[in-house]
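> So I've got this file, work-v3.cif, and it contains mmCIF, C-alpha atoms and all ligand atoms:
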data_start
#
loop_
_atom_site.group_PDB
_atom_site.id
_atom_site.type_symbol
_atom_site.label_atom_id
_atom_site.label_comp_id
_atom_site.auth_asym_id
_atom_site.auth_seq_id
_atom_site.Cartn_x
_atom_site.Cartn_y
_atom_site.Cartn_z
ATOM 1 C CA MET D 359 -3.025 -1.592 -13.983
ATOM 2 C CA ARG D 360 -0.206 -3.943 -13.024
ATOM 3 C CA PRO D 361 -0.172 -5.644 -9.608
ATOM 4 C CA THR D 362 1.165 -3.462 -6.796
ATOM 5 C CA THR D 363 2.723 -3.546 -3.354
ATOM 6 C CA LEU D 364 2.256 -1.183 -0.430
ATOM 7 C CA CYS D 365 4.478 -0.946 2.689
ATOM 8 C CA PHE D 366 3.714 0.713 6.006
ATOM 9 C CA PRO D 367 6.815 1.127 8.220
ATOM 10 C CA ILE D 368 5.888 1.137 11.930
ATOM 11 C CA ASN D 369 8.345 2.402 14.563
ATOM 12 C CA ALA D 370 8.822 1.340 18.183
ATOM 13 C CA ALA D 371 6.275 3.938 19.320
ATOM 14 C CA GLY D 372 3.660 2.382 17.039
ATOM 15 C CA GLU D 373 3.715 5.324 14.638
ATOM 16 C CA PHE D 374 3.070 4.775 10.920
ATOM 17 C CA LEU D 375 5.334 6.274 8.286
ATOM 18 C CA LEU D 376 3.271 7.680 5.420
ATOM 19 C CA GLY D 377 4.326 9.634 2.371
ATOM 20 C CA ARG D 378 2.469 12.391 0.584
ATOM 21 C CA LYS D 379 2.504 11.439 -3.078
ATOM 22 C CA LYS D 380 4.021 14.124 -5.273
ATOM 23 C CA ARG D 381 3.017 12.691 -8.654
ATOM 24 C CA GLY D 382 1.126 9.972 -10.503
ATOM 25 C CA PHE D 383 -1.651 7.711 -9.275
ATOM 26 C CA GLY D 384 -3.030 9.034 -5.966
ATOM 27 C CA VAL D 385 -1.144 12.334 -6.211
ATOM 28 C CA ALA D 386 -1.466 14.552 -3.074
ATOM 29 C CA LYS D 387 -2.765 11.651 -0.984
ATOM 30 C CA TRP D 388 -0.976 10.253 2.059
ATOM 31 C CA ASN D 389 -0.246 6.564 1.611
ATOM 32 C CA GLY D 390 2.212 3.824 2.386
ATOM 33 C CA PHE D 391 5.182 3.288 0.080
ATOM 34 C CA GLY D 392 4.855 1.046 -2.935
ATOM 35 C CA GLY D 393 4.256 0.737 -6.590
ATOM 36 C CA LYS D 394 3.762 -1.468 -9.576
ATOM 37 C CA LEU D 395 5.443 -4.799 -10.063
ATOM 38 C CA GLU D 396 8.182 -4.782 -12.692
ATOM 39 C CA ALA D 397 8.723 -7.663 -15.138
ATOM 40 C CA GLY D 398 10.443 -10.630 -13.506
ATOM 41 C CA GLU D 399 10.078 -9.231 -9.998
ATOM 42 C CA THR D 400 8.527 -10.979 -7.011
ATOM 43 C CA PHE D 401 6.122 -9.015 -4.840
ATOM 44 C CA ARG D 402 8.653 -8.839 -1.999
ATOM 45 C CA GLN D 403 11.390 -7.624 -4.343
ATOM 46 C CA CYS D 404 8.997 -4.966 -5.587
ATOM 47 C CA ALA D 405 8.056 -3.939 -2.044
ATOM 48 C CA VAL D 406 11.698 -3.625 -0.922
ATOM 49 C CA ARG D 407 12.635 -1.668 -4.067
ATOM 50 C CA GLU D 408 9.689 0.723 -3.873
ATOM 51 C CA LEU D 409 10.200 1.317 -0.151
ATOM 52 C CA ARG D 410 13.831 2.245 -0.806
ATOM 53 C CA GLU D 411 13.064 4.417 -3.840
ATOM 54 C CA GLU D 412 10.204 6.307 -2.182
ATOM 55 C CA SER D 413 11.334 6.655 1.456
ATOM 56 C CA GLY D 414 15.067 5.924 1.575
ATOM 57 C CA LEU D 415 14.469 3.053 4.021
ATOM 58 C CA VAL D 416 16.279 -0.213 3.299
ATOM 59 C CA ALA D 417 14.451 -3.365 4.442
ATOM 60 C CA LYS D 418 15.087 -7.021 3.870
ATOM 61 C CA GLU D 419 12.415 -9.180 2.254
ATOM 62 C CA ALA D 420 12.223 -11.233 5.458
ATOM 63 C CA ASP D 421 11.415 -8.057 7.434
ATOM 64 C CA LEU D 422 8.154 -7.581 5.551
ATOM 65 C CA GLU D 423 5.031 -8.870 7.275
ATOM 66 C CA LEU D 424 2.367 -9.630 4.679
ATOM 67 C CA VAL D 425 -0.925 -8.486 6.203
ATOM 68 C CA ALA D 426 -3.399 -7.880 3.389
ATOM 69 C CA PHE D 427 -4.392 -8.824 -0.126
ATOM 70 C CA LEU D 428 -6.584 -6.148 -1.674
ATOM 71 C CA ASP D 429 -8.482 -6.210 -4.946
ATOM 72 C CA PHE D 430 -8.976 -2.564 -6.006
ATOM 73 C CA ARG D 431 -11.663 -2.126 -8.645
ATOM 74 C CA PHE D 432 -12.940 0.970 -10.394
ATOM 75 C CA ASP D 433 -16.529 0.646 -11.497
ATOM 76 C CA THR D 434 -16.255 2.642 -14.728
ATOM 77 C CA HIS D 435 -12.472 2.669 -15.172
ATOM 78 C CA ALA D 436 -11.525 -0.998 -15.523
ATOM 79 C CA GLU D 437 -8.063 -0.026 -16.752
ATOM 80 C CA LEU D 438 -7.302 1.062 -13.174
ATOM 81 C CA ASP D 439 -8.319 -2.267 -11.612
ATOM 82 C CA HIS D 440 -5.417 -3.904 -9.811
ATOM 83 C CA ILE D 441 -4.491 -6.053 -6.875
ATOM 84 C CA GLY D 442 -2.133 -5.106 -4.091
ATOM 85 C CA TYR D 443 -0.211 -6.892 -1.367
ATOM 86 C CA VAL D 444 0.182 -4.853 1.807
ATOM 87 C CA TYR D 445 3.098 -5.234 4.215
ATOM 88 C CA LEU D 446 3.925 -3.904 7.677
ATOM 89 C CA VAL D 447 7.627 -3.184 8.089
ATOM 90 C CA HIS D 448 9.050 -3.261 11.619
ATOM 91 C CA THR D 449 12.796 -3.346 10.858
ATOM 92 C CA TRP D 450 14.867 -1.356 8.388
ATOM 93 C CA GLN D 451 18.057 0.589 7.948
ATOM 94 C CA GLY D 452 18.285 4.289 7.217
ATOM 95 C CA THR D 453 16.227 7.380 7.961
ATOM 96 C CA PRO D 454 13.136 8.499 6.040
ATOM 97 C CA ALA D 455 13.948 11.227 3.561
ATOM 98 C CA PRO D 456 11.943 13.129 0.973
ATOM 99 C CA THR D 457 12.217 11.632 -2.489
ATOM 100 C CA GLU D 458 11.117 12.592 -5.964
ATOM 101 C CA GLU D 459 7.835 10.737 -5.368
ATOM 102 C CA MET D 460 7.013 11.048 -1.654
ATOM 103 C CA GLU D 461 7.241 13.443 1.298
ATOM 104 C CA PRO D 462 7.477 11.164 4.376
ATOM 105 C CA ARG D 463 6.055 11.872 7.839
ATOM 106 C CA TRP D 464 5.392 9.817 10.977
ATOM 107 C CA PHE D 465 1.798 9.679 12.268
ATOM 108 C CA SER D 466 0.524 8.179 15.493
ATOM 109 C CA ALA D 467 -1.870 5.288 14.887
ATOM 110 C CA ALA D 468 -4.765 7.420 16.160
ATOM 111 C CA THR D 469 -4.069 10.406 13.923
ATOM 112 C CA LEU D 470 -3.713 8.982 10.432
ATOM 113 C CA PRO D 471 -4.877 11.690 7.979
ATOM 114 C CA TYR D 472 -7.762 9.703 6.505
ATOM 115 C CA GLU D 473 -9.365 12.816 5.000
ATOM 116 C CA ASP D 474 -6.343 13.045 2.678
ATOM 117 C CA MET D 475 -5.970 9.321 1.987
ATOM 118 C CA TRP D 476 -7.726 6.884 -0.348
ATOM 119 C CA SER D 477 -11.305 6.580 0.929
ATOM 120 C CA GLY D 478 -11.047 2.828 1.494
ATOM 121 C CA ASP D 479 -8.109 3.245 3.863
ATOM 122 C CA ARG D 480 -10.212 4.239 6.879
ATOM 123 C CA LEU D 481 -11.959 0.853 6.628
ATOM 124 C CA TRP D 482 -9.019 -1.534 6.312
ATOM 125 C CA ILE D 483 -6.019 0.155 7.956
ATOM 126 C CA PRO D 484 -7.686 -0.072 11.414
ATOM 127 C CA MET D 485 -8.021 -3.827 10.809
ATOM 128 C CA LEU D 486 -4.256 -4.041 10.345
ATOM 129 C CA GLN D 487 -3.726 -1.919 13.471
ATOM 130 C CA ALA D 488 -5.842 -4.517 15.309
ATOM 131 C CA ARG D 489 -3.289 -7.093 14.117
ATOM 132 C CA ARG D 490 -5.755 -8.757 11.716
ATOM 133 C CA LYS D 491 -4.750 -10.240 8.369
ATOM 134 C CA ILE D 492 -7.289 -9.623 5.662
ATOM 135 C CA SER D 493 -8.307 -10.262 2.102
ATOM 136 C CA GLY D 494 -10.547 -7.591 0.663
ATOM 137 C CA THR D 495 -12.310 -6.117 -2.330
ATOM 138 C CA ILE D 496 -12.756 -2.372 -2.660
ATOM 139 C CA VAL D 497 -14.888 -1.040 -5.507
ATOM 140 C CA PHE D 498 -14.750 2.669 -6.290
ATOM 141 C CA ALA D 499 -17.614 4.562 -7.933
ATOM 142 C CA ALA D 500 -17.384 6.514 -11.183
ATOM 143 C CA ASP D 501 -15.720 9.490 -9.471
ATOM 144 C CA LYS D 502 -12.790 7.160 -8.589
ATOM 145 C CA GLU D 503 -12.992 8.402 -4.975
ATOM 146 C CA SER D 504 -16.284 7.301 -3.378
ATOM 147 C CA LEU D 505 -16.734 3.731 -2.283
ATOM 148 C CA LYS D 506 -19.338 1.651 -4.082
ATOM 149 C CA TYR D 507 -18.768 -1.706 -2.409
ATOM 150 C CA THR D 508 -16.338 -3.198 0.085
ATOM 151 C CA GLU D 509 -15.853 -6.664 1.473
ATOM 152 C CA PHE D 510 -13.163 -7.845 3.895
ATOM 153 C CA THR D 511 -12.465 -11.348 5.164
ATOM 154 C CA ASP D 512 -10.096 -12.342 7.930
ATOM 155 C CA VAL D 513 -7.510 -14.857 6.811
ATOM 156 C CA ALA D 514 -5.363 -17.067 8.989
ATOM 157 C CA ASP D 515 -2.339 -16.731 6.780
ATOM 158 C CA LEU D 516 -1.390 -14.984 3.565
ATOM 159 C CA THR D 517 1.073 -15.893 0.825
ATOM 160 C CA GLU D 518 1.839 -14.003 -2.348
ATOM 161 C CA SER D 519 0.360 -15.647 -5.440
ATOM 162 C CA ASP D 520 2.831 -16.706 -8.151
ATOM 163 C CA SER D 521 0.090 -16.644 -10.766
ATOM 164 C CA LEU D 522 -0.328 -12.883 -10.391
ATOM 165 C CA THR D 523 3.261 -12.079 -11.295
ATOM 166 C CA ALA D 524 3.035 -12.901 -14.998
ATOM 167 C CA PHE D 525 2.052 -9.964 -17.167
HETATM 168 C C1 LIG D 601 -7.390 2.701 -4.864
HETATM 169 O O1 LIG D 601 -7.093 2.494 -3.526
HETATM 170 C C2 LIG D 601 -5.838 2.483 -3.075
HETATM 171 N N1 LIG D 601 -5.648 2.673 -1.768
HETATM 172 C C3 LIG D 601 -4.399 2.692 -1.255
HETATM 173 N N2 LIG D 601 -4.247 2.915 0.068
HETATM 174 N N3 LIG D 601 -3.295 2.486 -1.999
HETATM 175 C C4 LIG D 601 -3.487 2.282 -3.294
HETATM 176 C C5 LIG D 601 -4.732 2.255 -3.900
HETATM 177 N N4 LIG D 601 -4.555 2.012 -5.212
HETATM 178 C C6 LIG D 601 -3.239 1.892 -5.415
HETATM 179 N N5 LIG D 601 -2.597 2.054 -4.242
HETATM 180 C C7 LIG D 601 -1.148 2.022 -4.036
HETATM 181 C C8 LIG D 601 -0.509 0.823 -4.626
HETATM 182 C C9 LIG D 601 0.866 1.357 -4.949
HETATM 183 O O2 LIG D 601 1.666 1.301 -3.782
HETATM 184 C C10 LIG D 601 0.608 2.811 -5.280
HETATM 185 C C11 LIG D 601 0.462 3.066 -6.756
HETATM 186 O O3 LIG D 601 1.641 2.772 -7.401
HETATM 187 P P1 LIG D 601 2.273 3.783 -8.465
HETATM 188 O O4 LIG D 601 1.300 4.024 -9.547
HETATM 189 O O5 LIG D 601 2.803 4.959 -7.750
HETATM 190 O O6 LIG D 601 3.416 2.846 -8.973
HETATM 191 P P2 LIG D 601 4.890 3.229 -9.375
HETATM 192 O O7 LIG D 601 5.437 1.995 -9.988
HETATM 193 O O8 LIG D 601 5.632 3.794 -8.210
HETATM 194 O O9 LIG D 601 4.610 4.386 -10.392
HETATM 195 P P3 LIG D 601 5.397 5.005 -11.591
HETATM 196 O O10 LIG D 601 4.945 4.206 -12.783
HETATM 197 O O11 LIG D 601 4.926 6.416 -11.608
HETATM 198 O O12 LIG D 601 6.867 4.869 -11.288
HETATM 199 O O13 LIG D 601 -0.612 3.164 -4.683
#
How does the structure come out when it is put into structure tokens?

Amino acid sequence: MRPTTLCFPINAAGEFLLGRKKRGFGVAKWNGFGGKLEAGETFRQCAVRELREESGLVAKEADLELVAFLDFRFDTHAELDHIGYVYLVHTWQGTPAPTEEMEPRWFSAATLPYEDMWSGDRLWIPMLQARRKISGTIVFAADKESLKYTEFTDVADLTESDSLTAF
């Protein structure tokens, strides 16, 4: 799978905006807003575009705080392996609105619906809520849901890799 981005808007009350995915990869799960990199796009361009397309929120590239690099691997489905850059978004224009792909809703930090999210999320999203920046590997088992292996490392700073944009 192509490289991806994932954005989590956070409001002044510390709530996270999630969207319930209506179609495609991760359908019916709550997640941040993002998608696959398009040809010629930078990760930040992708993140801004996907956030707008899926939530209606308009952010500037400079308003994205890069907080995680994740290597998602699927033990018996290598075609699904992909990397993702994760951003927190504190500033935007517009109001969240349902889109063709996502049904948005605000959640307090303590009540994220982990039972209806990707199973790795309950491990790494709390690290972001603790203001950590991380690099991680998440390996899913054959059922594409259970976790087989995870590893997370704190990083002092993160920068998007240019070498991952060519495909
Ligand atoms: C496997 O673990 C994952 N956990 C979480 N929390 N998020 C994930 C995981 N794997 C992928 N994601 C994110 C990364 C992207 O933001 C989306 C998937 O992107 P999608 O397939 O929806 O990409 P689009 O370009 O929007 O899709 P279309 O081709 O349908 O337009 O999930």
> Determine the residue set returned by the PyMOL selection byres (((chain D and resi 424) around 7) and not hetatm) for the present structure, and present it as a VMD selection string.
chain D and resid 422 to 423 425 to 426 444 to 446 516
> Output as a Markdown table one row per residue of chain D within 7 Å of ligand LIG 601 (chain D): the closest atom pair and its distance in Å to one decimal place, counting all atoms listed in the file, sorted by chain and residue number ascending.

| residue | atom | partner | partner_atom | distance |
| --- | --- | --- | --- | --- |
| D:Thr362 | CA | D:LIG601 | C8 | 5.1 |
| D:Thr363 | CA | D:LIG601 | O2 | 5.0 |
| D:Leu364 | CA | D:LIG601 | O2 | 4.2 |
| D:Gly382 | CA | D:LIG601 | O11 | 5.3 |
| D:Phe383 | CA | D:LIG601 | O4 | 4.7 |
| D:Gly384 | CA | D:LIG601 | O13 | 6.5 |
| D:Asn389 | CA | D:LIG601 | N2 | 5.6 |
| D:Gly390 | CA | D:LIG601 | O2 | 6.7 |
| D:Phe391 | CA | D:LIG601 | O2 | 5.6 |
| D:Gly392 | CA | D:LIG601 | O2 | 3.3 |
| D:Gly393 | CA | D:LIG601 | O6 | 3.3 |
| D:Lys394 | CA | D:LIG601 | O7 | 3.9 |
| D:Leu395 | CA | D:LIG601 | O7 | 6.8 |
| D:Glu408 | CA | D:LIG601 | O8 | 6.7 |
| D:Phe430 | CA | D:LIG601 | C1 | 5.6 |
| D:Gly442 | CA | D:LIG601 | C8 | 6.2 |
| D:Met475 | CA | D:LIG601 | N2 | 6.9 |
| D:Trp476 | CA | D:LIG601 | N1 | 4.9 |
| D:Gly478 | CA | D:LIG601 | N1 | 6.3 |
| D:Asp479 | CA | D:LIG601 | N2 | 5.4 |
> Check the smallest atom-to-atom distance from each of D:Ala420, D:Leu522, D:Leu486, D:Leu415 to Gly398 (chain D) using only C-alpha atoms, then report the winner.
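The shortest atom-to-atom distance to Gly398 (chain D) comes from D:Leu522.
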> Rank nothing, just name the residue among D:Ser521, D:Thr434, D:Thr400, D:Gln451 nearest to Asp421 (chain D), using only C-alpha atoms.
D:Gln451
> To verify the selection step, state as a list in words which residues the PyMOL selection byres (((chain D and resi 497) around 6) and not hetatm) yields on this input.
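Evaluating the PyMOL selection byres (((chain D and resi 497) around 6) and not hetatm) on this file yields Arg431, Phe432, Ile496, Phe498, Lys506 and Tyr507 of chain D.
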> So, counting all atoms listed in the file, which residue among D:Asp429, D:Glu373, D:Glu509, D:Glu399 is closest to Trp464 (chain D)?
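Using all atoms listed in the file, Trp464 (chain D) sits closest to D:Glu373.
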> Would you mind reading off the distance between CA of Pro471 (chain D) and CA of Ala455 (chain D), one decimal, in Å?
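Taking CA of Pro471 (chain D) as the start and CA of Ala455 (chain D) as the end point, the length is 19.3 Å.
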